[in-house]
$ cat query_6.txt   # compact mmCIF, C-alpha atoms
# COMPACT_ATOMS: atom_id res chain seq x y z
CA MET A 1 -13.06 1.80 -15.38
CA ASN A 2 -15.60 2.47 -12.65
CA ARG A 3 -18.61 4.61 -13.60
CA ARG A 4 -17.96 6.89 -10.64
CA PRO A 5 -16.18 10.23 -11.28
CA TYR A 6 -12.47 9.53 -11.61
CA ARG A 7 -10.45 9.92 -8.43
CA GLY A 8 -6.78 8.96 -8.43
CA ARG A 9 -4.15 9.21 -5.76
CA LEU A 10 -0.48 9.82 -5.12
CA ALA A 11 0.65 7.85 -2.08
CA PRO A 12 4.36 8.32 -1.31
CA SER A 13 5.95 7.11 1.92
CA PRO A 14 8.18 9.63 3.74
CA THR A 15 11.00 7.18 4.37
CA GLY A 16 13.50 8.83 2.01
CA TYR A 17 13.69 11.20 -0.92
CA LEU A 18 11.61 10.42 -4.00
CA HIS A 19 13.61 9.01 -6.90
CA LEU A 20 13.13 8.93 -10.67
CA GLY A 21 11.04 5.74 -10.50
CA HIS A 22 8.59 7.34 -8.06
CA ALA A 23 8.45 10.41 -10.28
CA ARG A 24 7.51 8.44 -13.38
CA THR A 25 4.77 6.51 -11.59
CA PHE A 26 3.32 9.64 -10.00
CA TRP A 27 3.49 11.47 -13.33
CA THR A 28 1.53 8.61 -14.89
CA ALA A 29 -1.09 8.90 -12.13
CA TYR A 30 -1.30 12.63 -12.74
CA GLN A 31 -1.68 12.19 -16.51
CA ARG A 32 -4.39 9.56 -16.10
CA ALA A 33 -6.37 11.84 -13.79
CA LEU A 34 -6.10 14.63 -16.36
CA ALA A 35 -7.14 12.30 -19.20
CA HIS A 36 -10.26 11.27 -17.28
CA HIS A 37 -11.06 14.87 -16.24
CA GLY A 38 -10.83 13.64 -12.67
CA SER A 39 -9.33 14.68 -9.37
CA LEU A 40 -6.16 13.61 -7.61
CA VAL A 41 -5.48 13.05 -3.91
CA LEU A 42 -2.06 13.25 -2.25
CA ARG A 43 -1.79 10.92 0.76
CA ASN A 44 1.17 10.85 3.12
CA GLU A 45 1.71 7.14 3.85
CA ASP A 46 3.64 7.67 7.08
CA LEU A 47 2.33 4.43 8.55
CA ASP A 48 5.72 3.02 9.57
CA PRO A 49 6.68 4.83 12.79
CA ASP A 50 10.27 3.61 12.67
CA ARG A 51 11.17 4.89 9.21
CA SER A 52 8.92 7.88 8.47
CA ARG A 53 10.47 11.34 8.86
CA PRO A 54 8.77 14.76 8.72
CA GLU A 55 11.60 16.19 6.60
CA PHE A 56 10.91 13.57 3.93
CA ALA A 57 7.18 14.34 4.05
CA ALA A 58 7.90 18.03 3.45
CA ALA A 59 10.36 17.18 0.66
CA MET A 60 7.94 14.95 -1.22
CA VAL A 61 5.35 17.74 -1.46
CA GLU A 62 7.98 20.23 -2.59
CA ASP A 63 9.56 17.86 -5.12
CA LEU A 64 6.25 16.78 -6.67
CA ARG A 65 5.11 20.40 -7.03
CA TRP A 66 8.48 21.22 -8.62
CA LEU A 67 8.04 18.37 -11.09
CA GLY A 68 4.77 19.93 -12.24
CA LEU A 69 2.17 17.76 -10.52
CA ASP A 70 -1.04 19.18 -9.16
CA TRP A 71 -3.60 17.64 -6.82
CA GLN A 72 -6.89 18.80 -5.40
CA GLU A 73 -6.73 17.23 -1.93
CA GLY A 74 -3.86 16.47 0.41
CA PRO A 75 -2.05 17.27 3.65
CA ASP A 76 -0.88 20.61 2.24
CA CYS A 77 -4.27 21.80 0.94
CA GLY A 78 -6.89 19.87 2.92
CA GLY A 79 -10.10 18.43 1.54
CA PRO A 80 -13.28 16.53 2.45
CA CYS A 81 -11.46 13.26 3.24
CA ALA A 82 -8.96 14.68 5.73
CA PRO A 83 -6.75 13.79 7.43
CA TYR A 84 -4.44 12.86 4.55
CA ALA A 85 -1.65 11.38 6.68
CA GLN A 86 -1.95 7.73 7.64
CA SER A 87 -0.50 8.35 11.10
CA GLN A 88 -3.66 10.36 11.84
CA ARG A 89 -6.12 7.73 10.57
CA ARG A 90 -5.68 4.96 13.16
CA GLU A 91 -9.36 5.03 14.20
CA GLN A 92 -10.46 4.15 10.67
CA TYR A 93 -7.99 1.26 10.49
CA ARG A 94 -9.05 -0.04 13.90
CA ALA A 95 -12.73 0.03 12.87
CA ALA A 96 -12.00 -2.01 9.73
CA PHE A 97 -9.86 -4.46 11.68
CA GLU A 98 -12.67 -4.98 14.21
CA GLN A 99 -15.03 -5.77 11.32
CA LEU A 100 -12.61 -8.39 10.04
CA ARG A 101 -12.25 -9.89 13.49
CA GLU A 102 -16.00 -9.97 14.14
CA ARG A 103 -16.54 -11.73 10.82
CA GLY A 104 -13.86 -14.33 11.55
CA PHE A 105 -11.45 -13.37 8.75
CA VAL A 106 -8.41 -12.85 10.98
CA TYR A 107 -6.66 -14.83 13.68
CA ALA A 108 -4.04 -14.23 16.34
CA CYS A 109 -0.45 -15.11 15.50
CA ARG A 110 2.80 -15.08 17.45
CA CYS A 111 5.11 -16.07 14.58
CA SER A 112 8.02 -14.31 12.88
CA ARG A 113 8.64 -10.99 14.56
CA GLN A 114 10.68 -9.77 11.57
CA GLU A 115 7.85 -10.36 9.09
CA VAL A 116 5.35 -8.78 11.46
CA MET A 117 7.45 -5.65 11.93
CA ARG A 118 7.85 -5.23 8.17
CA ALA A 119 4.09 -5.40 7.62
CA ALA A 120 3.71 -1.62 7.80
CA GLN A 121 5.85 -1.27 4.67
CA ALA A 122 4.79 -1.85 1.09
CA PRO A 123 6.40 -5.15 -0.01
CA HIS A 124 8.62 -5.27 -3.09
CA PRO A 125 10.22 -8.10 -5.08
CA GLY A 126 12.91 -9.76 -3.01
CA GLU A 127 11.28 -8.47 0.17
CA GLU A 128 8.11 -10.58 0.14
CA GLU A 129 7.72 -12.82 3.14
CA PRO A 130 7.63 -16.54 2.37
CA VAL A 131 4.20 -18.14 2.17
CA TYR A 132 3.04 -18.46 5.78
CA PRO A 133 3.01 -22.15 6.79
CA GLY A 134 -0.13 -21.74 8.91
CA ALA A 135 1.39 -22.56 12.29
CA CYS A 136 -1.17 -20.41 14.10
CA ARG A 137 -4.17 -21.00 11.83
CA PRO A 138 -7.30 -21.50 13.96
CA LEU A 139 -8.11 -25.01 12.77
CA GLY A 140 -10.74 -26.56 14.98
CA LYS A 141 -11.15 -23.49 17.18
CA SER A 142 -14.48 -21.93 17.93
CA GLN A 143 -15.49 -18.66 16.31
CA GLU A 144 -15.17 -16.95 19.68
CA GLN A 145 -11.61 -18.18 20.09
CA VAL A 146 -10.74 -16.83 16.65
CA LYS A 147 -12.15 -13.40 17.53
CA THR A 148 -10.35 -13.14 20.86
CA GLY A 149 -7.12 -14.92 19.96
CA GLN A 150 -7.65 -17.41 22.79
CA SER A 151 -6.34 -20.93 22.53
CA ALA A 152 -3.84 -23.15 24.25
CA ASN A 153 -1.09 -21.44 22.28
CA HIS A 154 -2.52 -17.93 22.45
CA PRO A 155 -3.59 -16.88 25.95
CA SER A 156 -5.71 -13.76 26.01
CA ASN A 157 -2.92 -11.69 27.57
CA ALA A 158 -0.30 -12.64 24.95
CA ARG A 159 1.20 -9.97 22.69
CA VAL A 160 -0.12 -11.23 19.37
CA SER A 161 -0.36 -9.94 15.85
CA TRP A 162 -3.29 -10.72 13.57
CA ARG A 163 -3.26 -12.40 10.16
CA PHE A 164 -5.89 -12.50 7.45
CA GLN A 165 -6.78 -16.10 6.60
CA ALA A 166 -6.37 -16.34 2.83
CA PRO A 167 -8.67 -18.87 1.09
CA ALA A 168 -6.12 -21.57 0.19
CA GLY A 169 -6.28 -22.63 -3.45
CA GLU A 170 -8.45 -19.74 -4.63
CA ALA A 171 -7.21 -17.87 -7.69
CA ILE A 172 -7.53 -14.11 -7.31
CA ARG A 173 -7.87 -12.67 -10.81
CA PHE A 174 -8.12 -9.09 -12.02
CA GLU A 175 -7.58 -7.05 -15.15
CA ASP A 176 -4.75 -4.58 -14.72
CA GLY A 177 -4.81 -1.43 -16.82
CA GLY A 178 -1.06 -1.43 -17.30
CA GLN A 179 -0.04 -5.09 -17.16
CA GLY A 180 -3.09 -6.92 -18.50
CA PRO A 181 -4.81 -10.00 -16.99
CA GLN A 182 -3.38 -11.09 -13.63
CA GLY A 183 -3.93 -14.06 -11.36
CA PHE A 184 -2.42 -15.16 -8.06
CA VAL A 185 -3.27 -18.28 -6.06
CA ALA A 186 -3.77 -17.99 -2.30
CA GLY A 187 -1.61 -20.46 -0.44
CA LYS A 188 0.83 -20.68 -3.36
CA ASP A 189 1.76 -17.17 -4.46
CA PHE A 190 1.01 -15.65 -1.07
CA GLY A 191 -0.17 -16.89 2.30
CA ASP A 192 -1.99 -15.60 5.35
CA PHE A 193 -0.79 -12.02 5.79
CA VAL A 194 -0.48 -9.66 8.73
CA VAL A 195 -3.16 -6.98 9.05
CA TRP A 196 -2.42 -5.74 12.59
CA ARG A 197 0.91 -5.79 14.41
CA HIS A 198 1.33 -6.60 18.08
CA ASP A 199 2.48 -3.01 18.73
CA GLY A 200 -0.82 -1.56 17.49
CA VAL A 201 0.35 -0.60 13.98
CA PRO A 202 -1.93 -1.63 11.09
CA SER A 203 -0.35 -3.24 8.06
CA TYR A 204 0.21 -1.52 4.74
CA GLN A 205 -2.28 -3.93 3.12
CA LEU A 206 -5.10 -2.96 5.46
CA ALA A 207 -4.34 0.76 5.61
CA VAL A 208 -4.33 1.37 1.84
CA VAL A 209 -7.61 -0.51 1.41
CA VAL A 210 -9.27 1.52 4.15
CA ASP A 211 -7.90 4.80 2.80
CA ASP A 212 -8.67 4.16 -0.87
CA ALA A 213 -12.23 3.15 0.01
CA ALA A 214 -12.79 6.09 2.36
CA MET A 215 -11.35 8.56 -0.14
CA GLY A 216 -13.42 7.21 -3.03
CA ILE A 217 -10.41 6.29 -5.17
CA THR A 218 -11.56 4.79 -8.47
CA GLU A 219 -8.15 3.85 -9.88
CA VAL A 220 -4.90 2.99 -8.10
CA VAL A 221 -1.80 3.78 -10.15
CA ARG A 222 1.43 2.36 -8.72
CA GLY A 223 4.54 0.35 -9.57
CA ALA A 224 4.41 -3.20 -10.93
CA ASP A 225 6.27 -4.40 -7.84
CA LEU A 226 2.93 -4.17 -6.00
CA LEU A 227 0.95 -6.47 -8.33
CA LEU A 228 0.94 -9.28 -5.78
CA SER A 229 -0.30 -6.91 -3.10
CA THR A 230 -3.39 -6.31 -5.23
CA ALA A 231 -4.51 -9.91 -4.72
CA ARG A 232 -4.32 -9.50 -0.95
CA GLN A 233 -6.11 -6.19 -1.08
CA LEU A 234 -8.93 -7.56 -3.23
CA LEU A 235 -9.54 -10.18 -0.53
CA LEU A 236 -9.77 -7.42 2.07
CA TYR A 237 -12.21 -5.44 -0.08
CA ARG A 238 -14.38 -8.53 -0.40
CA ALA A 239 -14.24 -9.34 3.31
CA LEU A 240 -15.21 -5.77 4.21
CA GLY A 241 -17.96 -5.60 1.59
CA TRP A 242 -16.43 -2.64 -0.24
CA GLN A 243 -16.15 -1.95 -3.98
CA PRO A 244 -12.52 -2.14 -5.11
CA PRO A 245 -10.99 0.41 -7.44
CA ALA A 246 -9.45 -0.34 -10.82
CA PHE A 247 -5.70 -0.93 -10.85
CA TYR A 248 -2.97 0.31 -13.18
CA HIS A 249 0.57 -0.91 -12.49
CA CYS A 250 3.49 0.85 -14.16
CA PRO A 251 6.72 -0.78 -15.36
CA LEU A 252 9.62 -0.28 -12.96
CA LEU A 253 12.65 1.87 -13.68
CA THR A 254 16.02 0.20 -13.07
CA ASP A 255 19.58 1.42 -12.70
CA ALA A 256 22.45 0.65 -15.07
CA ALA A 257 22.83 -2.78 -13.46
CA GLY A 258 19.15 -3.62 -13.96
CA VAL A 259 18.30 -3.23 -10.26
CA ARG A 260 14.96 -1.69 -9.33
CA LEU A 261 15.38 1.90 -8.19
CA ALA A 262 15.04 2.38 -4.44
CA LYS A 263 15.44 5.31 -2.08
CA ARG A 264 19.06 4.31 -1.54
CA HIS A 265 19.73 5.51 -5.13
CA ASP A 266 20.52 9.05 -3.98
CA ALA A 267 22.07 10.00 -7.32
CA LEU A 268 18.66 9.56 -8.98
CA SER A 269 16.59 11.26 -6.30
CA LEU A 270 14.58 14.30 -7.37
CA ARG A 271 16.32 16.28 -4.66
CA THR A 272 19.76 15.48 -6.09
CA LEU A 273 18.70 16.11 -9.69
CA ARG A 274 17.25 19.47 -8.68
CA GLY A 275 20.49 20.35 -6.96
CA GLN A 276 22.39 19.57 -10.16
CA GLY A 277 20.30 22.06 -12.08
CA VAL A 278 18.20 19.49 -13.96
CA THR A 279 14.87 21.03 -14.98
CA PRO A 280 11.43 19.42 -14.48
CA GLY A 281 11.11 19.02 -18.25
CA GLU A 282 14.46 17.22 -18.41
CA VAL A 283 13.37 14.88 -15.62
CA ARG A 284 10.20 14.05 -17.52
CA GLU A 285 12.27 13.30 -20.60
CA MET A 286 14.19 10.74 -18.52
CA PHE A 287 10.97 8.75 -18.10
CA HIS A 288 11.24 7.70 -21.75
CA SER A 289 14.98 7.07 -21.97

$ encode --input "query_6.txt" --output "structure tokens"
Amino acid sequence: MNRRPYRGRLAPSPTGYLHLGHARTFWTAYQRALAHHGSLVLRNEDLDPDRSRPEFAAAMVEDLRWLGLDWQEGPDCGGPCAPYAQSQRREQYRAAFEQLRERGFVYACRCSRQEVMRAAQAPHPGEEEPVYPGACRPLGKSQEQVKTGQSANHPSNARVSWRFQAPAGEAIRFEDGGQGPQGFVAGKDFGDFVVWRHDGVPSYQLAVVVDDAAMGITEVVRGADLLLSTARQLLLYRALGWQPPAFYHCPLLTDAAGVRLAKRHDALSLRTLRGQGVTPGEVREMFHS
């Protein structure tokens, strides 16, 4: 664990109602902050303009408070790192992106509109984009062409997205607090990834790195479906010259068929369980069943 005072975070996306799997992960984050006598930040990850809804943002605050969680900073209570909604933090993301571009870590790309549009969402198993084949990699281009996106295939007025150039063959290793030693190889387990979409929306990978660094987060607690994302994010921390937090990935809850819980599982949403008269204590008991 970092020597800095413990700062954890809850980072739900307002794209649906929180389900039992979210609740268990957020409860773990809350318990770890308490165990370390630290503080907890609630961040509204409303980065995706197509799927985020204000009614879901309001519901997540209400449902987490009902469950018994407490945090010291967030969109409902303010704090020194405001704003706590990603839709209001575009200037910070743009500044980090410009650093990456000036340092030659990113390049312009016109490939795969579907993958680019999904970049604002946190990836999950079965939703990961295939390893990028490198069709737009800036091989042989000058540093200035990389920065501006100019080449024979990428005129300066083209609507391009930007990808981070992952160091092919490098093993990205880290010790995870929940899952133990981890290692992913760039170019094999993941490829060059989108950091900025052509419509001006930053990617999930870039936004969470910028926010966790700016908010002084010392440990990221989240689901094990985001283990692979950690490798990408560690590369961004290194490129930006920032100290990464520790990571703790929780096991995933599944339904009766063994499928990872998602927001489409309305029957297991906190909102539905509340409506059925289930108490917060009974929900917490479900975490261990």

$ residues_around --input "query_6.txt" --residues "Leu273 (chain A)" --least-positions-apart "5" --cutoff "12 Å" --atoms "all atoms listed in the file" --output "tab-separated table (two decimals) with C-alpha atoms, keeping the file's coordinate frame"
chain	number	residue	atom	x	y	z
A	17	TYR	CA	13.69	11.20	-0.92
A	18	LEU	CA	11.61	10.42	-4.00
A	19	HIS	CA	13.61	9.01	-6.90
A	20	LEU	CA	13.13	8.93	-10.67
A	23	ALA	CA	8.45	10.41	-10.28
A	63	ASP	CA	9.56	17.86	-5.12
A	66	TRP	CA	8.48	21.22	-8.62
A	67	LEU	CA	8.04	18.37	-11.09
A	265	HIS	CA	19.73	5.51	-5.13
A	266	ASP	CA	20.52	9.05	-3.98
A	267	ALA	CA	22.07	10.00	-7.32
A	268	LEU	CA	18.66	9.56	-8.98
A	278	VAL	CA	18.20	19.49	-13.96
A	279	THR	CA	14.87	21.03	-14.98
A	280	PRO	CA	11.43	19.42	-14.48
A	281	GLY	CA	11.11	19.02	-18.25
A	282	GLU	CA	14.46	17.22	-18.41
A	283	VAL	CA	13.37	14.88	-15.62
A	284	ARG	CA	10.20	14.05	-17.52
A	286	MET	CA	14.19	10.74	-18.52

$ residues_near_point --input "query_6.txt" --point "(-7.8, -18.1, 7.0)" --cutoff "7 Å" --atoms "all atoms listed in the file" --output "JSON, numbers by chain"
{"A": [105, 106, 137, 164, 165, 166, 167, 192]}

$ write_last_selection --input "query_6.txt" --atoms "C-alpha atoms" --output "short mmCIF file (atom, residue, chain, number, x, y, z; two decimals), in the coordinates of the input"
data_model
loop_
_atom_site.label_atom_id
_atom_site.label_comp_id
_atom_site.auth_asym_id
_atom_site.auth_seq_id
_atom_site.Cartn_x
_atom_site.Cartn_y
_atom_site.Cartn_z
CA PHE A 105 -11.45 -13.37 8.75
CA VAL A 106 -8.41 -12.85 10.98
CA ARG A 137 -4.17 -21.00 11.83
CA PHE A 164 -5.89 -12.50 7.45
CA GLN A 165 -6.78 -16.10 6.60
CA ALA A 166 -6.37 -16.34 2.83
CA PRO A 167 -8.67 -18.87 1.09
CA ASP A 192 -1.99 -15.60 5.35
#

$ atom_distance --input "query_6.txt" --atom1 "CA of Asp50 (chain A)" --atom2 "CA of Gln121 (chain A)"
10.4 Å

$ atom_distance --input "query_6.txt" --atom1 "CA of Asp48 (chain A)" --atom2 "CA of Leu252 (chain A)"
23.1 Å

$ closest_residue --input "query_6.txt" --among "A:Phe247, A:Trp27, A:Trp242, A:Phe184" --to "Val210 (chain A)" --atoms "all atoms listed in the file"
A:Trp242

$ residues_around --input "query_6.txt" --residues "Arg89 (chain A)" --least-positions-apart "2" --cutoff "12 Å" --atoms "all atoms listed in the file" --output "PyMOL selection string"
chain A and resi 43-47+81-87+91-96+201-202+206-208+210-211+214-215

$ write_last_selection --input "query_6.txt" --atoms "C-alpha atoms" --output "PDB file, in the frame of the given file"
ATOM      1  CA  ARG A  43      -1.790  10.920   0.760  1.00  0.00           C
ATOM      2  CA  ASN A  44       1.170  10.850   3.120  1.00  0.00           C
ATOM      3  CA  GLU A  45       1.710   7.140   3.850  1.00  0.00           C
ATOM      4  CA  ASP A  46       3.640   7.670   7.080  1.00  0.00           C
ATOM      5  CA  LEU A  47       2.330   4.430   8.550  1.00  0.00           C
ATOM      6  CA  CYS A  81     -11.460  13.260   3.240  1.00  0.00           C
ATOM      7  CA  ALA A  82      -8.960  14.680   5.730  1.00  0.00           C
ATOM      8  CA  PRO A  83      -6.750  13.790   7.430  1.00  0.00           C
ATOM      9  CA  TYR A  84      -4.440  12.860   4.550  1.00  0.00           C
ATOM     10  CA  ALA A  85      -1.650  11.380   6.680  1.00  0.00           C
ATOM     11  CA  GLN A  86      -1.950   7.730   7.640  1.00  0.00           C
ATOM     12  CA  SER A  87      -0.500   8.350  11.100  1.00  0.00           C
ATOM     13  CA  GLU A  91      -9.360   5.030  14.200  1.00  0.00           C
ATOM     14  CA  GLN A  92     -10.460   4.150  10.670  1.00  0.00           C
ATOM     15  CA  TYR A  93      -7.990   1.260  10.490  1.00  0.00           C
ATOM     16  CA  ARG A  94      -9.050  -0.040  13.900  1.00  0.00           C
ATOM     17  CA  ALA A  95     -12.730   0.030  12.870  1.00  0.00           C
ATOM     18  CA  ALA A  96     -12.000  -2.010   9.730  1.00  0.00           C
ATOM     19  CA  VAL A 201       0.350  -0.600  13.980  1.00  0.00           C
ATOM     20  CA  PRO A 202      -1.930  -1.630  11.090  1.00  0.00           C
ATOM     21  CA  LEU A 206      -5.100  -2.960   5.460  1.00  0.00           C
ATOM     22  CA  ALA A 207      -4.340   0.760   5.610  1.00  0.00           C
ATOM     23  CA  VAL A 208      -4.330   1.370   1.840  1.00  0.00           C
ATOM     24  CA  VAL A 210      -9.270   1.520   4.150  1.00  0.00           C
ATOM     25  CA  ASP A 211      -7.900   4.800   2.800  1.00  0.00           C
ATOM     26  CA  ALA A 214     -12.790   6.090   2.360  1.00  0.00           C
ATOM     27  CA  MET A 215     -11.350   8.560  -0.140  1.00  0.00           C
TER      28      MET A 215
END

$ closest_residue --input "query_6.txt" --among "A:Arg9, A:Arg24, A:Arg4, A:Arg101" --to "Leu42 (chain A)" --atoms "all atoms listed in the file"
A:Arg9

$ build_atoms --input "query_6.txt" --residues "region 189-216 of chain A" --atoms "N, CA and C atoms" --output "CSV table (one decimal), keeping the file's coordinate frame"
chain,number,residue,atom,x,y,z
A,189,ASP,N,1.0,-18.4,-4.2
A,189,ASP,CA,1.8,-17.2,-4.5
A,189,ASP,C,1.9,-16.3,-3.2
A,190,PHE,N,1.0,-16.4,-2.3
A,190,PHE,CA,1.0,-15.6,-1.1
A,190,PHE,C,0.2,-16.4,0.0
A,191,GLY,N,0.5,-16.2,1.2
A,191,GLY,CA,-0.2,-16.9,2.3
A,191,GLY,C,-1.0,-16.0,3.2
A,192,ASP,N,-1.3,-16.4,4.4
A,192,ASP,CA,-2.0,-15.6,5.4
A,192,ASP,C,-1.1,-14.4,5.7
A,193,PHE,N,-1.6,-13.2,5.7
A,193,PHE,CA,-0.8,-12.0,5.8
A,193,PHE,C,-1.2,-11.2,7.0
A,194,VAL,N,-0.3,-10.5,7.5
A,194,VAL,CA,-0.5,-9.7,8.7
A,194,VAL,C,-1.3,-8.5,8.4
A,195,VAL,N,-2.4,-8.2,9.2
A,195,VAL,CA,-3.2,-7.0,9.0
A,195,VAL,C,-3.0,-6.0,10.3
A,196,TRP,N,-2.6,-6.6,11.4
A,196,TRP,CA,-2.4,-5.7,12.6
A,196,TRP,C,-1.2,-6.3,13.4
A,197,ARG,N,-0.3,-5.4,13.7
A,197,ARG,CA,0.9,-5.8,14.4
A,197,ARG,C,0.7,-5.8,15.9
A,198,HIS,N,1.5,-6.5,16.6
A,198,HIS,CA,1.3,-6.6,18.1
A,198,HIS,C,1.6,-5.3,18.8
A,199,ASP,N,2.2,-4.3,18.1
A,199,ASP,CA,2.5,-3.0,18.7
A,199,ASP,C,1.4,-2.0,18.4
A,200,GLY,N,0.3,-2.5,17.8
A,200,GLY,CA,-0.8,-1.6,17.5
A,200,GLY,C,-0.7,-0.8,16.2
A,201,VAL,N,0.2,-1.2,15.3
A,201,VAL,CA,0.4,-0.6,14.0
A,201,VAL,C,-0.4,-1.4,12.9
A,202,PRO,N,-1.3,-0.9,12.2
A,202,PRO,CA,-1.9,-1.6,11.1
A,202,PRO,C,-1.0,-1.9,10.0
A,203,SER,N,-1.2,-2.9,9.2
A,203,SER,CA,-0.4,-3.2,8.1
A,203,SER,C,-0.6,-2.3,6.9
A,204,TYR,N,0.4,-2.3,6.0
A,204,TYR,CA,0.2,-1.5,4.7
A,204,TYR,C,-1.0,-2.0,4.0
A,205,GLN,N,-1.2,-3.4,3.9
A,205,GLN,CA,-2.3,-3.9,3.1
A,205,GLN,C,-3.6,-3.4,3.6
A,206,LEU,N,-3.8,-3.4,4.9
A,206,LEU,CA,-5.1,-3.0,5.5
A,206,LEU,C,-5.3,-1.5,5.3
A,207,ALA,N,-4.2,-0.7,5.6
A,207,ALA,CA,-4.3,0.8,5.6
A,207,ALA,C,-4.7,1.3,4.2
A,208,VAL,N,-4.0,0.8,3.2
A,208,VAL,CA,-4.3,1.4,1.8
A,208,VAL,C,-5.7,1.0,1.4
A,209,VAL,N,-6.2,-0.1,1.8
A,209,VAL,CA,-7.6,-0.5,1.4
A,209,VAL,C,-8.6,0.4,2.1
A,210,VAL,N,-8.4,0.6,3.4
A,210,VAL,CA,-9.3,1.5,4.2
A,210,VAL,C,-9.2,2.9,3.6
A,211,ASP,N,-8.0,3.4,3.3
A,211,ASP,CA,-7.9,4.8,2.8
A,211,ASP,C,-8.5,5.0,1.4
A,212,ASP,N,-8.2,4.0,0.5
A,212,ASP,CA,-8.7,4.2,-0.9
A,212,ASP,C,-10.2,4.1,-0.9
A,213,ALA,N,-10.8,3.2,-0.1
A,213,ALA,CA,-12.2,3.2,0.0
A,213,ALA,C,-12.8,4.4,0.6
A,214,ALA,N,-12.3,4.9,1.7
A,214,ALA,CA,-12.8,6.1,2.4
A,214,ALA,C,-12.6,7.3,1.5
A,215,MET,N,-11.6,7.4,0.7
A,215,MET,CA,-11.4,8.6,-0.1
A,215,MET,C,-12.0,8.5,-1.5
A,216,GLY,N,-12.7,7.4,-1.8
A,216,GLY,CA,-13.4,7.2,-3.0
A,216,GLY,C,-12.5,7.1,-4.2
